[in-house]
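File shown here: input_29.txt, holding compact mmCIF, C-alpha atoms.
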```
# COMPACT_ATOMS: atom_id res chain seq x y z
CA MET A 21 224.30 68.85 125.67
CA SER A 22 221.76 69.77 123.05
CA ILE A 23 221.70 67.98 119.74
CA ASN A 24 220.81 70.24 116.84
CA PRO A 25 218.50 68.63 114.32
CA ILE A 26 220.33 67.72 111.16
CA GLY A 27 217.82 69.75 109.16
CA ASN A 28 219.37 73.02 110.39
CA ALA A 29 222.77 72.29 108.87
CA PHE A 30 221.16 71.14 105.65
CA SER A 31 218.94 74.24 105.29
CA GLY A 32 221.94 76.53 105.89
CA ALA A 33 223.82 74.89 103.02
CA GLN A 34 220.73 75.09 100.83
CA LYS A 35 220.36 78.85 101.41
CA ALA A 36 224.03 79.40 100.59
CA ALA A 37 223.68 77.47 97.33
CA GLN A 38 220.58 79.44 96.32
CA ALA A 39 222.30 82.74 97.06
CA SER A 40 225.31 81.83 94.95
CA GLU A 41 223.06 80.65 92.10
CA ALA A 42 221.21 83.97 92.14
CA THR A 43 224.42 86.01 91.94
CA GLU A 44 226.07 83.98 89.20
CA ASN A 45 223.13 83.61 86.80
CA GLN A 46 225.58 83.97 83.93
CA SER A 47 227.22 80.62 84.53
CA PHE A 48 228.53 78.63 81.61
CA SER A 49 225.57 76.26 81.55
CA ASN A 50 223.11 79.17 81.27
CA ILE A 51 225.05 80.74 78.43
CA LEU A 52 225.22 77.41 76.63
CA SER A 53 221.49 76.75 77.00
CA GLU A 54 220.71 80.29 75.80
CA ALA A 55 222.94 79.72 72.78
CA ILE A 56 221.18 76.44 71.99
CA ASP A 57 217.76 78.11 72.31
CA TYR A 58 218.83 80.87 69.94
CA MET A 59 220.16 78.25 67.53
CA GLU A 60 216.78 76.48 67.53
CA GLU A 61 214.96 79.77 67.00
CA THR A 62 217.06 80.85 64.01
CA GLU A 63 216.84 77.36 62.51
CA ALA A 64 213.04 77.43 62.72
CA GLU A 65 213.01 80.90 61.14
CA SER A 66 215.26 79.68 58.35
CA SER A 67 213.00 76.67 57.62
CA ALA A 68 209.94 78.90 57.54
CA ALA A 69 211.63 81.41 55.22
CA ASN A 70 212.81 78.67 52.85
CA GLU A 71 209.35 77.12 52.78
CA ALA A 72 207.76 80.49 52.04
CA LEU A 73 210.18 81.02 49.16
CA LEU A 74 209.61 77.55 47.66
CA THR A 75 205.82 77.63 47.91
CA GLY A 76 205.69 81.10 46.40
CA ASP A 77 204.44 83.00 49.46
CA SER A 78 207.51 85.20 49.39
CA ASP A 79 209.15 86.82 46.36
CA ASP A 80 212.43 87.61 48.07
CA ILE A 81 215.30 85.20 47.67
CA HIS A 82 217.45 87.24 50.00
CA THR A 83 215.14 86.78 53.02
CA ALA A 84 215.57 82.99 52.93
CA LEU A 85 219.35 83.24 52.44
CA ILE A 86 219.77 85.79 55.22
CA ALA A 87 217.79 83.52 57.58
CA SER A 88 220.04 80.53 56.73
CA GLN A 89 223.17 82.63 57.28
CA LYS A 90 221.88 83.71 60.69
CA ALA A 91 221.17 80.07 61.58
CA GLU A 92 224.70 79.12 60.50
CA LEU A 93 226.21 81.84 62.67
CA ALA A 94 224.07 80.78 65.64
CA VAL A 95 225.25 77.17 65.25
CA SER A 96 228.92 78.27 65.10
CA TYR A 97 228.38 80.34 68.22
CA ALA A 98 226.85 77.43 70.15
CA VAL A 99 229.65 75.11 69.01
CA GLN A 100 232.31 77.57 70.17
CA ILE A 101 230.69 77.94 73.57
CA ARG A 102 230.62 74.15 73.86
CA ASN A 103 234.31 73.94 72.90
CA LYS A 104 235.30 76.46 75.53
CA LEU A 105 233.23 74.66 78.14
CA ILE A 106 234.83 71.29 77.35
CA GLU A 107 238.31 72.87 77.33
CA ALA A 108 237.72 74.38 80.77
CA TYR A 109 236.39 71.05 82.03
CA ASN A 110 239.41 69.17 80.70
CA ASP A 111 241.80 71.70 82.24
CA ILE A 112 240.24 71.14 85.62
CA MET A 113 240.15 67.35 85.27
CA ASN A 114 243.84 67.26 84.33
CA MET A 115 244.90 69.03 87.50
CA GLN A 116 247.19 66.95 89.66
CA VAL A 117 245.63 66.57 93.05
CA MET B 11 221.12 88.88 69.74
CA GLY B 12 222.50 92.24 68.84
CA PHE B 13 225.32 91.24 66.54
CA LEU B 14 222.94 89.67 64.05
CA SER B 15 220.48 92.57 63.97
CA SER B 16 222.94 94.57 61.84
CA ILE B 17 222.37 91.97 59.13
CA ASP B 18 218.69 93.00 59.20
CA ILE B 19 219.65 96.52 58.14
CA SER B 20 221.14 95.22 54.89
CA GLY B 21 218.22 92.83 54.52
CA SER B 22 215.73 95.70 54.64
CA ALA B 23 217.72 97.54 51.98
CA LEU B 24 217.64 94.48 49.72
CA THR B 25 213.88 94.27 50.07
CA ALA B 26 213.47 97.98 49.30
CA GLN B 27 215.66 97.77 46.18
CA ARG B 28 213.73 94.69 44.97
CA LEU B 29 210.49 96.62 45.30
CA ARG B 30 212.05 99.54 43.41
CA MET B 31 213.05 97.08 40.65
CA ASP B 32 209.45 95.88 40.45
CA VAL B 33 208.21 99.45 40.03
CA ILE B 34 210.82 100.18 37.34
CA SER B 35 209.88 96.97 35.49
CA GLU B 36 206.22 97.98 35.60
CA ASN B 37 207.07 101.39 34.18
CA ILE B 38 209.07 99.86 31.34
CA ALA B 39 206.40 97.26 30.60
CA ASN B 40 203.66 99.91 30.48
CA ALA B 41 205.65 102.45 28.47
CA GLU B 42 203.19 102.21 25.54
CA THR B 43 199.91 101.75 27.43
CA THR B 44 197.65 104.44 26.03
CA MET B 45 194.48 103.50 27.91
CA THR B 46 193.98 102.42 31.53
CA ASP B 47 190.86 102.02 33.71
CA THR B 48 190.91 105.71 34.58
CA GLY B 49 190.64 106.71 30.92
CA GLU B 50 194.10 108.23 30.91
CA PRO B 51 197.34 106.71 29.66
CA TYR B 52 199.60 104.93 32.15
CA ARG B 53 201.27 107.31 34.61
CA ARG B 54 204.86 106.66 35.62
CA LYS B 55 205.20 105.37 39.20
CA VAL B 56 207.95 106.37 41.63
CA CYS B 57 209.03 104.78 44.94
CA VAL B 58 209.46 106.91 48.04
CA MET B 59 211.95 105.47 50.52
CA ALA B 60 212.46 106.48 54.13
CA PRO B 61 214.47 105.21 57.10
CA ARG B 62 212.68 102.38 58.79
CA GLN B 63 211.63 102.78 62.39
CA SER B 64 209.51 100.38 64.34
CA PHE B 65 207.01 101.96 66.73
CA SER B 66 208.67 100.61 69.88
CA SER B 67 212.08 101.93 68.85
CA VAL B 68 210.60 105.40 68.30
CA LEU B 69 209.36 105.33 71.89
CA ASP B 70 212.86 104.39 73.07
CA GLY B 71 214.47 107.08 70.96
CA GLU B 72 216.69 104.62 69.04
CA MET B 73 218.05 105.45 65.62
CA ALA B 74 216.36 104.04 62.54
CA LYS B 75 217.35 100.54 61.46
CA GLY B 76 217.39 100.20 57.72
CA VAL B 77 215.18 101.52 54.96
CA MET B 78 211.64 100.91 53.78
CA VAL B 79 209.48 101.97 50.88
CA THR B 80 206.82 104.22 52.40
CA ASP B 81 204.84 105.05 49.30
CA ILE B 82 204.50 104.40 45.59
CA ILE B 83 203.33 107.68 44.09
CA GLU B 84 202.50 108.63 40.55
CA ASP B 85 204.61 111.07 38.62
CA GLY B 86 202.58 114.23 37.99
CA SER B 87 204.37 115.41 34.83
CA ASP B 88 202.52 115.87 31.55
CA PHE B 89 201.77 113.09 29.12
CA GLU B 90 203.64 112.92 25.85
CA LEU B 91 201.85 113.80 22.64
CA GLU B 92 202.21 111.78 19.45
CA TYR B 93 200.75 112.92 16.18
CA ASP B 94 198.64 110.08 14.79
CA PRO B 95 195.31 111.27 13.36
CA ASP B 96 194.29 107.79 12.14
CA ASN B 97 194.40 106.34 15.66
CA PRO B 98 190.90 105.90 17.19
CA LEU B 99 192.19 107.47 20.42
CA ALA B 100 193.36 110.66 18.74
CA ASN B 101 191.96 113.92 20.06
CA ALA B 102 190.61 116.82 17.98
CA GLU B 103 194.06 117.97 16.80
CA GLY B 104 195.10 114.40 15.89
CA TYR B 105 197.38 113.83 18.89
CA VAL B 106 197.41 110.65 20.98
CA LEU B 107 198.39 110.89 24.67
CA LYS B 108 201.26 108.55 25.52
CA PRO B 109 202.57 107.59 29.00
CA ASN B 110 205.12 109.95 30.58
CA VAL B 111 207.69 107.11 30.82
CA ASP B 112 211.17 107.85 29.45
CA GLU B 113 212.76 104.45 28.75
CA VAL B 114 216.31 105.80 28.98
CA GLU B 115 215.66 107.24 32.42
CA GLU B 116 214.09 103.96 33.53
CA ILE B 117 217.07 101.93 32.34
CA ILE B 118 219.41 104.22 34.28
CA ASP B 119 217.24 103.82 37.39
CA LEU B 120 217.41 100.07 36.82
CA MET B 121 221.23 100.15 36.77
CA GLU B 122 221.18 102.26 39.93
CA ALA B 123 218.91 99.77 41.69
CA THR B 124 221.13 96.85 40.62
CA ARG B 125 224.31 98.53 41.89
CA SER B 126 222.62 99.47 45.13
CA TYR B 127 221.47 95.84 45.59
CA GLU B 128 225.02 94.59 45.00
CA ALA B 129 226.48 97.13 47.42
CA ASN B 130 224.06 95.99 50.13
CA VAL B 131 224.94 92.34 49.52
CA THR B 132 228.63 93.27 49.94
CA ALA B 133 227.85 95.05 53.21
CA LEU B 134 225.89 92.04 54.43
CA ASN B 135 228.73 89.65 53.59
CA ALA B 136 231.23 91.91 55.37
CA THR B 137 229.06 91.98 58.51
CA LYS B 138 228.71 88.20 58.43
CA ASN B 139 232.46 87.72 57.97
CA MET B 140 233.10 90.03 60.91
CA ALA B 141 230.81 87.99 63.13
CA ALA B 142 232.36 84.70 61.96
CA LYS B 143 235.87 86.04 62.61
CA ALA B 144 234.87 87.14 66.10
CA LEU B 145 233.88 83.58 66.88
CA SER B 146 237.47 82.48 66.28
CA ILE B 147 238.80 84.60 69.16
CA GLY B 148 240.92 82.49 71.44
CA ASP B 149 241.72 79.69 68.99
```
Could the structure of this file be written out as structure tokens, please?
Amino acid sequence: MSINPIGNAFSGAQKAAQASEATENQSFSNILSEAIDYMEETEAESSAANEALLTGDSDDIHTALIASQKAELAVSYAVQIRNKLIEAYNDIMNMQV
Amino acid sequence: MGFLSSIDISGSALTAQRLRMDVISENIANAETTMTDTGEPYRRKVCVMAPRQSFSSVLDGEMAKGVMVTDIIEDGSDFELEYDPDNPLANAEGYVLKPNVDEVEEIIDLMEATRSYEANVTALNATKNMAAKALSIGD
């Protein structure tokens, strides 16, 4: 009887996992990390716009306010995604096995 | 993200109307300036606005997003004449050239710019409220 090396079974499982990761690149964790990146980006823009307004580089009040509103919306979006993720997680954890 | 780019449209309009306000204020401030560097009285300035298109979006064939001030041109109409023979700037007939700025027209333009600014702020708030409401889907 021939004994297959254990590496064969392992590499088969690895390939299957990689294939499934490639097809579902819109998983919850990716969406959440994208949302957090966008939140950081808009927050940085908002800080820069506010600084420009206060130091006198920019004459427009509305640019700074629009940037802060965008940052606020981005934060709400990230928080909602997180809520949905935690809700889904709790639903699964509460399942009776 | 796409849903926040519609806020940029209103933002560009606010910037354009602010610039128009600056031009109107300059016209009103210089309504009595009889001598500038060019030797003529102050000429009334006018803003030219056009839909804003970034170069990359033109290549893609997208529609314009917002408005921008493309040019600030000078009004070519004639200067006003005021009879004042004792003025050192008077010409041979005793007339002094005054700027072609009509204060009443400028004040009306000012009210127009203010109302346009307010309308764009309302549109911006409505867009933001729409986006915030959408985030409450599923609650």
Quick one: which residues from chain B are at most 10 Å off chain A, using all atoms listed in the file, as a VMD selection string? chain B and resid 11 14 to 15 17 to 18 20 to 22 24 to 25 28 to 29 131 134 to 135 138 to 139 141 to 142 144 to 149
What's the separation between atom CA of Thr124 of chain B and atom CA of Glu36 of chain B, in Å to one decimal place?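 Here the two named atoms are 15.8 Å from each other.
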To one decimal place in Å, what is the distance between atom CA of Ile106 of chain A and atom CA of Met140 of chain B? 25.0 Å
Rank B:Glu128, B:Glu92, B:Asp112, B:Asp81 by their smallest atom-to-atom distance to Met59 of chain B, using all atoms listed in the file, and report the top residue only.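 Among the listed residues, the smallest separation from Met59 of chain B belongs to B:Asp81.
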One-decimal distance in Å that lies between atom CA of Asp119 of chain B and atom CA of Leu73 of chain A: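 Going from atom CA of Leu73 of chain A over to atom CA of Asp119 of chain B covers 26.6 Å.
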Selected residue, from B:Val111, B:Ala26, B:Ile38, B:Ala100, that lies nearest to Arg53 of chain B when counting all atoms listed in the file: B:Val111
Identify which of the residues B:Ile117, B:Lys55, B:Pro61, B:Thr44 lies closest to Phe89 of chain B, counting only C-alpha atoms when measuring atom-to-atom distances.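 Closest to Phe89 of chain B of all the choices is B:Thr44.
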When you look at Asn97 of chain B with a cut-off of 12 Å (counting all atoms listed in the file), what residues show up, excluding the ones that are within fewer than 6 positions of it in the same chain? I need them as a list in words. Thr44, Glu103, Gly104, Tyr105, Val106 and Leu107 of chain B
Writing out the chosen residues with C-alpha atoms as a PDB file, in the coordinates of the input:
```pdb
ATOM      1  CA  THR B  44     197.650 104.440  26.030  1.00  0.00           C
ATOM      2  CA  GLU B 103     194.060 117.970  16.800  1.00  0.00           C
ATOM      3  CA  GLY B 104     195.100 114.400  15.890  1.00  0.00           C
ATOM      4  CA  TYR B 105     197.380 113.830  18.890  1.00  0.00           C
ATOM      5  CA  VAL B 106     197.410 110.650  20.980  1.00  0.00           C
ATOM      6  CA  LEU B 107     198.390 110.890  24.670  1.00  0.00           C
TER       7      LEU B 107
END
```
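Taking only C-alpha atoms into account, those protein, DNA and RNA residues with any atom at most 10 Å away from (201.4, 108.3, 48.4) amount to Val56, Cys57, Val58, Thr80, Asp81, Ile82, Ile83 and Glu84 of chain B.
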Centre, x/y/z edge lengths, axis-aligned box for segment 93-97 of chain B with 5 Å per side, as lines of an AutoDock Vina configuration file:
```
center_x = 197.5
center_y = 109.6
center_z = 14.2
size_x = 16.5
size_y = 16.6
size_z = 14.0
```
